[in-house]
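Below: one structure, written as structure tokens.
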Amino acid sequence: MRLRITLIALAGVAAWLLPYGLDSYAIHVVNVILIFAVLAVGLGLCMGVAGQVNLAQVAFFGVGAYATAILTTHSGLGFWVSGVLALVATVVVGLVVGTPALRVQSHYLGIVTLGLALAFTNWVTNAQLSGGAEGISAIPAPTLPGIDLSNEYLYYYVELIVFALALTFGLFVVRTGLGRRLRAMRDDSLAAGALGAEVPLLRMTAFLLASVYGGVAGVLYAGLIRYVAPESFGIANMFLLLGMVIIGGRQSLIGCVVGAISLYLVREWLSDHPTIAQLAYGSVVVLVVVFAPTGLAGLPERLRGLRRRRGQSGTAARLAPFRPYPAPAEPPAGAGEPILTVAGVTMQFRGLKALDDVSLTVAHGEIRGVVGPNGSGKTTLFNVISGLYRPTGGRVAFLGEDMTASSPYRLARAGMSRTFQNLRLFGDLTVEENILVALDRSRTLGAWRYLLGPGVILRQDRDLHRRAGEVLDRYGLTAFAALAPTSLPYGIQRRVEIARAVAAAPSLLLLDEPAAGLNGEEVRQLSEIVRSIRDSGITVIIIEHNMGLVMSLCEQITVLAGGRVIAEGEPAAIARTPAVVEAYLGDSMDTDDLPSLPEVTS
Ligand SMILES: Nc1ncnc2c1ncn2[C@@H]1O[C@H](COP(=O)(O)OP(=O)(O)OP(=O)(O)O)[C@@H](O)[C@H]1O
């Protein structure tokens, strides 16, 4: 920590003294680099941190610059007033660009945003208001009392302060709740949604953030160059920006700044050879993508990883025992009442009926098993219940409300949480951050606090870290808190996923084959964990092929075969049901002295 503060202080002093050693050309280059650095940080937030393809960053930049130019020259407004209005205009454009993000998947956004960027260049080249191909010149220099900002040495300090604020704000976002949710969405939007992250709004927020940075850079550019023309906001500069972010490291904002500095210097160096310059950027980007996919900023971490793989280091951390939840003093409210009702649900995938008129009711406080042969529709049932699939027929009611086809994040916020058959942990987040994403219930619409109440955000974050520490401790995972979950043995990853699902404070927990890939001792621990979760007041539905576990853990079992419920009842009775034995259990189970159960006819 002390080293970090010293480094920041040294960088601050160096940046403050920098103009003293520079001639007028060099300070101009530095000023332009700072503007590109602000742009790159904005693009890094949207593309790198949030994983949203954004080819409209250069258009945001253009809107900021052009709006300032138009307002100062045509409307006669002062520079700073125009700058603020230009920023508002850019944010409005950001909202428009971000709107498709509410519905369209990330890779299509590339096309949508590219279209918008091209439309912008087209408009400014042809519109009278924007001065056509000639652009707008004679933008008045910004003024500050007693300071002549037409002097680039002094303008540098304005830019430096804005850049420092922009970078600090970006880092603040990345390291707190909003940034964690954005990163979780980038890693696995499906799992993030299932934990309550409002994915569509988060996507939109990513574009809004990018637009703010684009607008700020545009205003600074208008004040520095005092002339705007279409070629500054065209596709060539968009690719330059993309190169900066890719080279620097998409996920690291500091990396984006390093990328902006290095690529702009290369551009300056090759400014007399534009064709070679384009080829050079292209080659550098390709080399980075192949040899350092995480960018320059990710290199130290990759080298550490390499050393670990060579056995020079490694974690000796051990899984500690699970500490059971204290049982609540009184039974949970509504005990015995239905918490989930699935009524006549059908799920048709083109020619295949994965679920056929499935009905079941689960009571508060129950552990329900769902079993059946491979392909019988168990996971599809979970996907319908948790909102990932919209059923072709039937209804799902949760906590007394019809929630059929509600989006996963709404169901998660209503109190439903789940794990996945094929583990969906956020691989680029640490184990602790995985838990933090689940614990954090803040609404995306509350993100305005980042601007107006950062103190509240910091306090919330401290509290979340404390609670994450408690969760990790309960699940015996403290030693793994700072590690990437994917670097851990399978059994530990399964436990992290369960801890994460429970951290979301559900009333209903869906576990999809939690024992898959676990050894005997791990299955025993799992059984203890699930029972304790239930005893703490959470209803559990568990899909499992491990019949020993299901029989010992579940109070009720629903058996699916070919997408239909073929039997339902207590474990002992299920094991005696001829249709179940025939469809699933085979004759390997000793069922002689178990009572038989009437088959469910539907
Ligand atoms: N998105 C989808 N598109 C098309 N078919 C699907 C889709 N999801 C599931 N299916 C099909 O639906 C059927 C039921 O699959 P599901 O994964 O629900 O079975 P399961 O009982 O969970 O199997 P397992 O025990 O192997 O996990 C399968 O035939 C599967 O191929």
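Chain labels A, B, ... are given in the sequence in which chains occur in the structure tokens; within each chain residues are numbered consecutively from 1, and ligands are likewise numbered from 1 in the order shown.
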
**OP:** Please extract the residues at most 12 Å from ligand 1, counting only C-alpha atoms and all ligand atoms, and provide them as a PyMOL selection string, using the chain letters and residue numbers of this document.
**Re:** chain A and resi 346-356+370-385+388-391+420-422+511-514+516+542-546+559-565+584

Original post:
Neighbours of Glu198 of chain A within 10 Å (only C-alpha atoms; same-chain residues fewer than 4 positions away dropped), as a ChimeraX atom specification?
Top reply: /A:181-182,185,189,192-194,202-203,407-410,412-413,442-445

Restrict the calculation to only C-alpha atoms, then for each residue of segment 171-257 of chain A with any atom at most 9 Å from an atom of segment 87-93 of chain A give the closest atom pair and their distance in Å to one decimal, rows by chain and rising residue number, as a tab-separated table.
residue	atom	partner	partner_atom	distance
A:Phe207	CA	A:Val91	CA	8.9
A:Leu208	CA	A:Val91	CA	6.2
A:Leu209	CA	A:Val91	CA	8.4
A:Ala210	CA	A:Val91	CA	8.9
A:Ser211	CA	A:Val91	CA	5.6
A:Val212	CA	A:Val91	CA	6.0
A:Gly214	CA	A:Thr90	CA	7.5
A:Gly215	CA	A:Leu87	CA	5.1
A:Val216	CA	A:Leu87	CA	6.5
A:Gly218	CA	A:Leu87	CA	8.6
A:Val219	CA	A:Leu87	CA	7.7

Subject >> helix (DSSP H, G or I) call set, DSSP backbone run, segment 246-410 of chain A, as number ranges by chain >> reply: A: 246-248, 253-269, 274-291, 295-309, 378-385, 408-410

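Around Pro19 of chain A, within 8 Å and counting only C-alpha atoms, the residues found are Ile27, Tyr153 and Tyr156 of chain A, once anything fewer than 5 positions away on its own chain is removed.
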
**OP:** Using DSSP on the backbone, list every residue of segment 256-483 of chain A that comes out as strand (DSSP E), and give them as a count of residues only.
**Re:** 40

Subject >> For Gly569 of chain A: contacts at 9 Å, only C-alpha atoms, fewer than 3 positions along chain excluded, given as number ranges by chain >> reply: A: 555-559, 572-574, 597

Using C-alpha atoms, can you export the residues from the last selection as a short mmCIF file (atom, residue, chain, number, x, y, z; two decimals), in the first residue's frame?
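Output saved as selection_4.cif:
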data_model
loop_
_atom_site.label_atom_id
_atom_site.label_comp_id
_atom_site.auth_asym_id
_atom_site.auth_seq_id
_atom_site.Cartn_x
_atom_site.Cartn_y
_atom_site.Cartn_z
CA GLU A 555 -37.81 -35.53 1.66
CA GLN A 556 -39.62 -35.63 -1.66
CA ILE A 557 -38.42 -36.76 -5.06
CA THR A 558 -39.82 -35.96 -8.49
CA VAL A 559 -38.85 -38.35 -11.27
CA ALA A 572 -38.46 -45.06 -0.07
CA ALA A 573 -41.67 -45.14 -2.06
CA ILE A 574 -40.00 -43.83 -5.20
CA LEU A 597 -46.12 -45.57 -4.82
#

Original post:
Looking at A:Val358, A:Leu18, A:Ala56, A:Ala468, which one is nearest to Gly234 of chain A, with distances taken over only C-alpha atoms?
Top reply: A:Ala56
